[in-house]
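Q: One structure follows; several queries about it will come next.
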Amino acid sequence: MSIRNETTQVPIAGQSGSRRLKRAAIVVEAAVIAVLFWAAAVPLAGVELQVITGGTVQTVGPVQILVVALLAGAAAWAALAVVEKSSRKPLRIWFPLAETFGVASLAGPLFNAGSTAAMLTLLGLHIVVGGILTVGLPTVAGFRQRR
């Protein structure tokens, strides 16, 4: 006589939807914090947030900050999804990948800012948004490691 112990795993309804909702919340959170950062630097501290692109000076406002942060969040989420699907240990790939893109994104403020204050503000924005996305996306929804 033998005893069999079988476990059937049934997905909990809404579990993947919950993961998506939590990750979407992290993306929105990063964008909102970026706009609050902008508000502290520009209207409150008086920084003229300008960038020079193609010889033209452009003022960076809250709408641009919001849109770019949301786009960065969507790109980070898509990259994380690819990493999760293609690797047994996605965190080993995710963090170096996110850090590489984060460091590369700093080139824009370093070379295109209209002033030192604008450069420091833009660097801060990149670091804050990148940090929230890098740490928040894989951990907020109970990152799953495949065995």
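Residue names in the structure tokens use chain letters A, B, ... in the order shown, residue numbers from 1 in each chain, and ligand numbers from 1 in the order shown.
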Which polymer residues have any atom within 10 Å of an atom of Trp77 in chain A, counting only C-alpha atoms, with same-chain residues fewer than 2 positions away left out, as a list in words?
A: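 Surrounding residues, per the criterion: Arg20, Arg23, Ala24, Ile26, Val27, Leu71, Ala72, Gly73, Ala74, Ala75, Ala79, Leu80, Ala81, Val82, Val83, Leu133, Thr134, Leu137 and Pro138 of chain A.
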Q: Can you pull out every residue within 12 Å of Ser105 in chain A, counting only C-alpha atoms, but drop anything in the same chain fewer than 2 positions away, and send it as a list in words?
A: Val68, Ala69, Ala72, Ala98, Glu99, Thr100, Phe101, Gly102, Val103, Ala107, Gly108, Pro109, Leu110, Phe111, Asn112, Leu122, Leu123, Gly124, Leu125, His126, Ile127, Val129 and Gly130 of chain A
Q: Export C-alpha atoms of the chosen residues as a tab-separated table (two decimals), in the first residue's frame?
A:
chain	number	residue	atom	x	y	z
A	68	VAL	CA	8.39	61.09	-19.42
A	69	ALA	CA	8.14	59.43	-16.00
A	72	ALA	CA	9.99	55.37	-18.37
A	98	ALA	CA	17.94	48.76	-14.55
A	99	GLU	CA	21.12	50.29	-13.16
A	100	THR	CA	22.70	50.40	-16.61
A	101	PHE	CA	19.71	52.22	-18.09
A	102	GLY	CA	19.55	54.49	-15.05
A	103	VAL	CA	23.17	55.54	-15.41
A	107	ALA	CA	23.73	61.69	-19.78
A	108	GLY	CA	20.76	63.84	-20.81
A	109	PRO	CA	20.86	66.13	-17.76
A	110	LEU	CA	24.66	66.19	-17.70
A	111	PHE	CA	25.01	67.39	-21.28
A	112	ASN	CA	21.75	69.21	-22.06
A	122	LEU	CA	17.11	66.85	-13.61
A	123	LEU	CA	19.69	64.46	-12.15
A	124	GLY	CA	17.60	64.28	-9.00
A	125	LEU	CA	14.48	63.55	-11.01
A	126	HIS	CA	16.20	60.75	-12.91
A	127	ILE	CA	17.57	59.20	-9.74
A	129	VAL	CA	12.16	57.94	-10.67
A	130	GLY	CA	14.76	55.31	-11.55
Q: Interatomic distance between CA of Leu97 in chain A and CA of Val135 in chain A?
A: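 Computing it gives 12.2 Å between the two atoms.
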Q: Considering only C-alpha atoms, give me a table of residues in range 12-93 of chain A that are at most 7 Å from range 117-120 of chain A, with the closest atom pair and distance in Å for each, as JSON lines.
A:
{"residue": "A:Val47", "atom": "CA", "partner": "A:Ala117", "partner_atom": "CA", "distance": 6.3}
{"residue": "A:Glu48", "atom": "CA", "partner": "A:Ala118", "partner_atom": "CA", "distance": 6.4}
{"residue": "A:Leu49", "atom": "CA", "partner": "A:Ala118", "partner_atom": "CA", "distance": 4.9}
{"residue": "A:Gln50", "atom": "CA", "partner": "A:Ala118", "partner_atom": "CA", "distance": 6.3}
Q: Mind writing the picked residues with C-alpha atoms as a PDB file, in the first residue's frame?
A:
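So the final result, stored in out02.pdb, reads:
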ATOM      1  CA  VAL A  47      15.024  76.804 -10.461  1.00  0.00           C
ATOM      2  CA  GLU A  48      14.655  77.584 -14.157  1.00  0.00           C
ATOM      3  CA  LEU A  49      14.322  74.071 -15.502  1.00  0.00           C
ATOM      4  CA  GLN A  50      15.558  74.442 -19.050  1.00  0.00           C
TER       5      GLN A  50
END
Q: Please measure the separation of CA of Leu44 in chain A and CA of Thr56 in chain A, giving the value in Å to one decimal.
A: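 Between these atoms lies a distance of 25.4 Å.
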Q: When you draw a straight line from CA of Val35 in chain A to CA of Val63 in chain A, how long is it in Å?
A: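 About the pair CA of Val35 in chain A and CA of Val63 in chain A: they are 8.2 Å apart.
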Q: Apply DSSP to the structure's backbone, then extract all residues of chain A labelled helix (DSSP H, G or I) and return them as a ChimeraX atom specification.
A: /A:15-44,62-86,90-105,107-112,116-140
